[in-house]
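Colleague: This is the content of entry-v5.cif (mmCIF, C-alpha atoms):
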data_query
loop_
_atom_site.group_PDB
_atom_site.id
_atom_site.type_symbol
_atom_site.label_atom_id
_atom_site.label_comp_id
_atom_site.auth_asym_id
_atom_site.auth_seq_id
_atom_site.Cartn_x
_atom_site.Cartn_y
_atom_site.Cartn_z
ATOM 1 C CA MET A 1021 0.000 0.000 0.000
ATOM 2 C CA SER A 1022 1.375 3.369 -0.999
ATOM 3 C CA ASP A 1023 1.595 6.379 1.291
ATOM 4 C CA GLU A 1024 -1.000 7.965 -0.941
ATOM 5 C CA GLN A 1025 -3.452 5.129 -0.333
ATOM 6 C CA PHE A 1026 -2.870 5.304 3.405
ATOM 7 C CA GLU A 1027 -3.371 9.067 3.340
ATOM 8 C CA LYS A 1028 -6.667 8.575 1.490
ATOM 9 C CA LEU A 1029 -7.979 6.171 4.138
ATOM 10 C CA ARG A 1030 -6.821 8.509 6.865
ATOM 11 C CA GLN A 1031 -8.657 11.404 5.243
ATOM 12 C CA GLU A 1032 -11.788 9.284 4.903
ATOM 13 C CA LEU A 1033 -11.644 8.524 8.600
ATOM 14 C CA ARG A 1034 -11.281 12.219 9.443
ATOM 15 C CA ARG A 1035 -13.849 13.580 7.005
ATOM 16 C CA GLY A 1036 -16.841 11.971 8.633
ATOM 17 C CA ILE A 1037 -16.134 13.197 12.113
ATOM 18 C CA LEU A 1038 -15.048 16.656 11.046
ATOM 19 C CA VAL A 1039 -18.667 17.783 10.720
ATOM 20 C CA LEU A 1040 -19.303 16.504 14.216
ATOM 21 C CA ALA A 1041 -16.320 18.404 15.618
ATOM 22 C CA VAL A 1042 -17.378 21.637 13.897
ATOM 23 C CA LEU A 1043 -20.978 21.371 15.091
ATOM 24 C CA GLY A 1044 -19.750 20.588 18.604
ATOM 25 C CA SER A 1045 -17.503 23.660 18.613
ATOM 26 C CA LEU A 1046 -20.244 25.940 17.335
ATOM 27 C CA ARG A 1047 -22.491 25.491 20.349
ATOM 28 C CA GLN A 1048 -20.504 28.623 21.218
ATOM 29 C CA PRO A 1049 -20.238 31.460 18.686
ATOM 30 C CA HIS A 1050 -16.988 31.560 16.718
ATOM 31 C CA TYR A 1051 -15.615 33.354 13.715
ATOM 32 C CA GLY A 1052 -13.480 31.426 11.235
ATOM 33 C CA TYR A 1053 -10.112 31.776 12.873
ATOM 34 C CA SER A 1054 -11.314 31.294 16.451
ATOM 35 C CA LEU A 1055 -13.100 28.105 15.386
ATOM 36 C CA ARG A 1056 -9.967 26.833 13.702
ATOM 37 C CA LYS A 1057 -7.980 27.660 16.834
ATOM 38 C CA GLN A 1058 -10.415 25.836 19.113
ATOM 39 C CA LEU A 1059 -10.310 22.702 16.972
ATOM 40 C CA GLN A 1060 -6.528 22.932 16.869
ATOM 41 C CA ASP A 1061 -6.356 23.202 20.649
ATOM 42 C CA ALA A 1062 -8.380 20.005 20.878
ATOM 43 C CA GLY A 1063 -5.866 18.293 18.568
ATOM 44 C CA LEU A 1064 -7.716 18.626 15.246
ATOM 45 C CA ASP A 1065 -5.601 20.552 12.807
ATOM 46 C CA ILE A 1066 -7.821 21.349 9.827
ATOM 47 C CA ASP A 1067 -6.563 23.560 7.060
ATOM 48 C CA GLU A 1068 -8.501 26.678 6.121
ATOM 49 C CA GLY A 1069 -9.257 25.395 2.636
ATOM 50 C CA THR A 1070 -11.209 22.532 4.185
ATOM 51 C CA LEU A 1071 -12.698 24.184 7.255
ATOM 52 C CA TYR A 1072 -14.069 27.440 5.885
ATOM 53 C CA PRO A 1073 -15.980 25.947 2.935
ATOM 54 C CA LEU A 1074 -17.417 23.350 5.333
ATOM 55 C CA VAL A 1075 -18.659 26.092 7.679
ATOM 56 C CA ARG A 1076 -20.271 27.951 4.780
ATOM 57 C CA ARG A 1077 -21.929 24.745 3.564
ATOM 58 C CA LEU A 1078 -23.362 24.046 7.033
ATOM 59 C CA ALA A 1079 -24.662 27.639 7.199
ATOM 60 C CA ASP A 1080 -26.255 27.266 3.742
ATOM 61 C CA GLN A 1081 -28.005 24.127 4.972
ATOM 62 C CA GLY A 1082 -29.538 26.089 7.834
ATOM 63 C CA LEU A 1083 -27.498 24.311 10.509
ATOM 64 C CA LEU A 1084 -25.710 27.485 11.576
ATOM 65 C CA THR A 1085 -26.832 31.049 12.068
ATOM 66 C CA SER A 1086 -24.363 33.847 11.465
ATOM 67 C CA GLU A 1087 -24.077 37.535 12.222
ATOM 68 C CA TRP A 1088 -21.532 40.287 11.889
ATOM 69 C CA GLN A 1089 -20.122 41.383 15.236
ATOM 70 C CA GLN A 1090 -17.379 43.543 16.530
ATOM 71 C CA GLY A 1091 -14.584 41.299 17.809
ATOM 72 C CA GLU A 1092 -11.034 42.312 18.705
ATOM 73 C CA GLY A 1093 -11.342 45.629 16.916
ATOM 74 C CA ARG A 1094 -12.880 44.532 13.650
ATOM 75 C CA GLU A 1095 -16.133 43.238 12.232
ATOM 76 C CA ARG A 1096 -16.209 39.487 11.902
ATOM 77 C CA ARG A 1097 -18.862 36.994 10.886
ATOM 78 C CA TYR A 1098 -19.714 34.856 13.893
ATOM 79 C CA TYR A 1099 -21.313 31.449 13.422
ATOM 80 C CA GLN A 1100 -23.327 29.447 15.917
ATOM 81 C CA LEU A 1101 -25.555 26.357 15.881
ATOM 82 C CA SER A 1102 -29.163 26.884 14.823
ATOM 83 C CA PRO A 1103 -31.850 24.788 16.565
ATOM 84 C CA GLU A 1104 -31.716 22.477 13.546
ATOM 85 C CA GLY A 1105 -27.950 22.239 13.905
ATOM 86 C CA SER A 1106 -28.323 21.328 17.588
ATOM 87 C CA SER A 1107 -30.695 18.575 16.677
ATOM 88 C CA LEU A 1108 -28.272 17.248 14.039
ATOM 89 C CA LEU A 1109 -25.417 17.402 16.526
ATOM 90 C CA GLU A 1110 -27.405 15.260 18.920
ATOM 91 C CA SER A 1111 -28.294 12.653 16.256
ATOM 92 C CA LEU A 1112 -24.813 12.475 14.755
ATOM 93 C CA GLY A 1113 -23.254 12.420 18.208
ATOM 94 C CA ASN A 1114 -25.373 9.425 19.169
ATOM 95 C CA GLU A 1115 -24.484 7.695 15.924
ATOM 96 C CA TRP A 1116 -20.798 8.385 16.516
ATOM 97 C CA ARG A 1117 -20.880 7.030 20.071
ATOM 98 C CA ALA A 1118 -22.669 3.861 18.908
ATOM 99 C CA LEU A 1119 -20.197 3.336 16.037
ATOM 100 C CA ASN A 1120 -17.258 3.793 18.377
ATOM 101 C CA GLN A 1121 -18.624 1.243 20.746
ATOM 102 C CA HIS A 1122 -19.133 -1.271 17.922
ATOM 103 C CA VAL A 1123 -15.713 -0.721 16.389
ATOM 104 C CA GLY A 1124 -14.059 -0.710 19.799
ATOM 105 C CA LYS A 1125 -15.599 -4.109 20.436
ATOM 106 C CA ILE A 1126 -14.246 -5.470 17.144
ATOM 107 C CA LEU A 1127 -10.756 -4.074 17.698
ATOM 108 C CA GLU A 1128 -10.475 -5.463 21.203
ATOM 109 C CA VAL A 1129 -11.656 -8.999 20.482
ATOM 110 C CA ASN A 1130 -8.724 -11.354 19.951
ATOM 111 C CA ASP A 1131 -6.273 -8.518 20.313
ATOM 112 C CA GLY A 1132 -3.319 -9.798 22.278
ATOM 113 C CA THR A 1133 -2.206 -6.280 23.143
ATOM 114 C CA HIS A 1134 -5.294 -5.680 25.317
ATOM 115 C CA MET B 415 -32.000 19.794 6.696
ATOM 116 C CA SER B 416 -33.654 16.987 4.779
ATOM 117 C CA ASP B 417 -33.584 13.334 5.806
ATOM 118 C CA GLU B 418 -31.475 12.761 2.728
ATOM 119 C CA GLN B 419 -28.833 15.262 3.909
ATOM 120 C CA PHE B 420 -28.775 13.699 7.353
ATOM 121 C CA GLU B 421 -28.421 10.241 5.829
ATOM 122 C CA LYS B 422 -25.482 11.479 3.749
ATOM 123 C CA LEU B 423 -23.652 12.784 6.826
ATOM 124 C CA ARG B 424 -24.422 9.565 8.658
ATOM 125 C CA GLN B 425 -22.982 7.527 5.789
ATOM 126 C CA GLU B 426 -19.885 9.720 5.714
ATOM 127 C CA LEU B 427 -19.364 9.074 9.395
ATOM 128 C CA ARG B 428 -19.696 5.300 8.876
ATOM 129 C CA ARG B 429 -17.631 5.032 5.693
ATOM 130 C CA GLY B 430 -14.353 6.024 7.264
ATOM 131 C CA ILE B 431 -14.475 3.576 10.110
ATOM 132 C CA LEU B 432 -15.841 0.718 8.057
ATOM 133 C CA VAL B 433 -12.371 -0.068 6.711
ATOM 134 C CA LEU B 434 -11.101 -0.139 10.272
ATOM 135 C CA ALA B 435 -13.850 -2.532 11.374
ATOM 136 C CA VAL B 436 -13.203 -4.858 8.435
ATOM 137 C CA LEU B 437 -9.441 -4.927 9.007
ATOM 138 C CA GLY B 438 -10.027 -5.542 12.708
ATOM 139 C CA SER B 439 -12.328 -8.476 11.971
ATOM 140 C CA LEU B 440 -9.909 -10.036 9.505
ATOM 141 C CA ARG B 441 -7.177 -10.642 12.031
ATOM 142 C CA GLN B 442 -9.076 -13.941 12.027
ATOM 143 C CA PRO B 443 -9.864 -15.661 8.710
ATOM 144 C CA HIS B 444 -13.406 -15.141 7.428
ATOM 145 C CA TYR B 445 -15.335 -15.758 4.256
ATOM 146 C CA GLY B 446 -17.809 -13.131 3.085
ATOM 147 C CA TYR B 447 -20.831 -14.190 5.025
ATOM 148 C CA SER B 448 -19.029 -15.005 8.270
ATOM 149 C CA LEU B 449 -17.349 -11.586 8.163
ATOM 150 C CA ARG B 450 -20.693 -9.890 7.630
ATOM 151 C CA LYS B 451 -22.137 -11.876 10.514
ATOM 152 C CA GLN B 452 -19.284 -10.940 12.852
ATOM 153 C CA LEU B 453 -19.665 -7.247 12.079
ATOM 154 C CA GLN B 454 -23.404 -7.551 12.550
ATOM 155 C CA ASP B 455 -22.932 -9.204 15.931
ATOM 156 C CA ALA B 456 -20.803 -6.228 16.965
ATOM 157 C CA GLY B 457 -23.625 -3.894 15.906
ATOM 158 C CA LEU B 458 -22.388 -2.904 12.437
ATOM 159 C CA ASP B 459 -24.960 -3.885 9.862
ATOM 160 C CA ILE B 460 -23.314 -3.452 6.456
ATOM 161 C CA ASP B 461 -25.114 -4.548 3.333
ATOM 162 C CA GLU B 462 -23.454 -7.034 1.009
ATOM 163 C CA GLY B 463 -23.268 -4.519 -1.840
ATOM 164 C CA THR B 464 -20.982 -2.362 0.299
ATOM 165 C CA LEU B 465 -19.037 -4.966 2.244
ATOM 166 C CA TYR B 466 -18.029 -7.461 -0.459
ATOM 167 C CA PRO B 467 -16.610 -4.908 -2.915
ATOM 168 C CA LEU B 468 -14.697 -3.322 -0.023
ATOM 169 C CA VAL B 469 -13.149 -6.675 0.897
ATOM 170 C CA ARG B 470 -12.115 -7.299 -2.722
ATOM 171 C CA ARG B 471 -10.610 -3.823 -2.923
ATOM 172 C CA LEU B 472 -8.569 -4.375 0.253
ATOM 173 C CA ALA B 473 -7.379 -7.720 -1.145
ATOM 174 C CA ASP B 474 -6.393 -6.061 -4.450
ATOM 175 C CA GLN B 475 -4.364 -3.522 -2.469
ATOM 176 C CA GLY B 476 -2.418 -6.350 -0.832
ATOM 177 C CA LEU B 477 -3.903 -5.743 2.612
ATOM 178 C CA LEU B 478 -5.581 -9.160 2.733
ATOM 179 C CA THR B 479 -4.489 -12.597 1.682
ATOM 180 C CA SER B 480 -7.113 -15.075 0.523
ATOM 181 C CA GLU B 481 -7.374 -18.791 -0.104
ATOM 182 C CA TRP B 482 -10.035 -21.317 -0.956
ATOM 183 C CA GLN B 483 -10.866 -23.605 1.926
ATOM 184 C CA GLN B 484 -13.430 -26.192 2.805
ATOM 185 C CA GLY B 485 -15.875 -24.674 5.301
ATOM 186 C CA GLU B 486 -19.233 -26.048 6.369
ATOM 187 C CA GLY B 487 -19.375 -28.491 3.474
ATOM 188 C CA ARG B 488 -18.357 -26.200 0.609
ATOM 189 C CA GLU B 489 -15.387 -24.366 -0.781
ATOM 190 C CA ARG B 490 -15.249 -20.760 0.274
ATOM 191 C CA ARG B 491 -12.738 -17.983 -0.196
ATOM 192 C CA TYR B 492 -11.303 -17.074 3.179
ATOM 193 C CA TYR B 493 -9.712 -13.665 3.720
ATOM 194 C CA GLN B 494 -7.229 -12.662 6.396
ATOM 195 C CA LEU B 495 -4.948 -9.692 7.106
ATOM 196 C CA SER B 496 -1.600 -9.667 5.328
ATOM 197 C CA PRO B 497 1.418 -8.269 7.221
ATOM 198 C CA GLU B 498 0.831 -5.018 5.339
ATOM 199 C CA GLY B 499 -2.813 -5.057 6.408
ATOM 200 C CA SER B 500 -1.769 -5.553 10.045
ATOM 201 C CA SER B 501 0.479 -2.580 9.809
ATOM 202 C CA LEU B 502 -2.307 -0.456 8.297
ATOM 203 C CA LEU B 503 -4.697 -1.626 11.004
ATOM 204 C CA GLU B 504 -2.274 -0.438 13.639
ATOM 205 C CA SER B 505 -1.774 2.982 12.019
ATOM 206 C CA LEU B 506 -5.451 3.585 11.300
ATOM 207 C CA GLY B 507 -6.397 2.303 14.744
ATOM 208 C CA ASN B 508 -4.046 4.806 16.368
ATOM 209 C CA GLU B 509 -5.424 7.574 14.186
ATOM 210 C CA TRP B 510 -8.978 6.592 15.106
ATOM 211 C CA ARG B 511 -8.244 6.547 18.849
ATOM 212 C CA ALA B 512 -6.588 9.977 18.639
ATOM 213 C CA LEU B 513 -9.493 11.439 16.633
ATOM 214 C CA ASN B 514 -11.995 10.041 19.106
ATOM 215 C CA GLN B 515 -10.154 11.595 21.969
ATOM 216 C CA HIS B 516 -10.046 14.992 20.234
ATOM 217 C CA VAL B 517 -13.686 14.940 19.213
ATOM 218 C CA GLY B 518 -14.757 13.618 22.604
ATOM 219 C CA LYS B 519 -12.995 16.585 24.173
ATOM 220 C CA ILE B 520 -14.841 19.025 21.903
ATOM 221 C CA LEU B 521 -18.212 17.429 22.490
ATOM 222 C CA GLU B 522 -17.852 17.429 26.256
ATOM 223 C CA VAL B 523 -16.673 21.020 26.682
ATOM 224 C CA ASN B 524 -19.538 23.358 27.555
ATOM 225 C CA ASP B 525 -22.015 20.541 27.262
ATOM 226 C CA GLY B 526 -24.613 21.013 29.971
ATOM 227 C CA THR B 527 -25.682 17.395 29.774
ATOM 228 C CA HIS B 528 -22.311 16.143 31.056
#
Let me see whether you can do it: turn the structure in this file into structure tokens.
Modeller:
Amino acid sequence: MSDEQFEKLRQELRRGILVLAVLGSLRQPHYGYSLRKQLQDAGLDIDEGTLYPLVRRLADQGLLTSEWQQGEGRERRYYQLSPEGSSLLESLGNEWRALNQHVGKILEVNDGTH
Amino acid sequence: MSDEQFEKLRQELRRGILVLAVLGSLRQPHYGYSLRKQLQDAGLDIDEGTLYPLVRRLADQGLLTSEWQQGEGRERRYYQLSPEGSSLLESLGNEWRALNQHVGKILEVNDGTH
């Protein structure tokens, strides 16, 4: 398997839970950079070219509300979960927890290192 | 957000970790149906049209070895992790555990229900 193939699988693994991480972060209002910083602080380094289009897509789908606010001396567009976004976060979060439990079970069975 | 959009996000979340679940299961030899059954028993219900092509793809990439064996009265093709597959399982598994930790951190912060 080439590095490229491994990288593709790694990206596939990340992509699905990225939405979850962004929705989870946006229970609090953030503008682009502060969102990116919060995700980074939690260990998720997502480049701007991936994160910002994703945020705009979620806003277009009605999952986020946004408004211009004064922050640190300049106007910035702040995003936050809409009620619909909160409801999606809850559903996806439950799905994610269930998946983790299932996969965790599979990875532990017959694994000599555990 | 439509049901269709939610279903798409749900599928995206599943897709990435499906490879991980399949690799984890194939530390032991399985033929198609027994693999599907094992995943199902762990809570992951994956339809044949998704699972079997994925297994063939992983085999084509050299991540699985396969051989015909007698099982329950008929010849079946059994699949099992190759050394390269084991190594991928370890890398992806580490990635998955790290991602879970990061996302878990994000989801718990400021969450009134925890």
Colleague: Running the PyMOL selection byres ((chain A) within 7 of (chain B)) on this model by hand, what would come out? Give it as a count of residues only.
Modeller: 20
Colleague: With distances taken over only C-alpha atoms, which residue among B:Glu489, B:Gln494, B:Pro443, B:Glu418 lies nearest Ala473 (chain B)?
Modeller: B:Gln494
Colleague: Quick one: which residues end up in the PyMOL selection byres ((chain B and resi 480) around 9) for this structure, as a PDB file with C-alpha atoms, in the coordinates of the input?
Modeller:
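This is the output file part_27.pdb:
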ATOM      1  CA  PRO B 443      -9.864 -15.661   8.710  1.00  0.00           C
ATOM      2  CA  ALA B 473      -7.379  -7.720  -1.145  1.00  0.00           C
ATOM      3  CA  LEU B 478      -5.581  -9.160   2.733  1.00  0.00           C
ATOM      4  CA  THR B 479      -4.489 -12.597   1.682  1.00  0.00           C
ATOM      5  CA  GLU B 481      -7.374 -18.791  -0.104  1.00  0.00           C
ATOM      6  CA  TRP B 482     -10.035 -21.317  -0.956  1.00  0.00           C
ATOM      7  CA  ARG B 491     -12.738 -17.983  -0.196  1.00  0.00           C
ATOM      8  CA  TYR B 492     -11.303 -17.074   3.179  1.00  0.00           C
ATOM      9  CA  TYR B 493      -9.712 -13.665   3.720  1.00  0.00           C
ATOM     10  CA  GLN B 494      -7.229 -12.662   6.396  1.00  0.00           C
ATOM     11  CA  LEU B 495      -4.948  -9.692   7.106  1.00  0.00           C
TER      12      LEU B 495
END
Colleague: With a distance cut-off of 10 Å and only C-alpha atoms, select the neighbouring residues of Tyr1072 (chain A), excluding the residue or stretch itself and same-chain residues fewer than 5 positions from it, and output the selection as a PyMOL selection string.
Modeller: chain A and resi 1051-1053+1055-1056+1066-1067+1077-1078
Colleague: Of the residues A:Ser1054, A:Asp1023, A:Gln1090, A:Ser1106, which is the one nearest to Glu1068 (chain A), using only C-alpha atoms?
Modeller: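 Comparing A:Ser1054, A:Asp1023, A:Gln1090, A:Ser1106 against Glu1068 (chain A), the winner is A:Ser1054.
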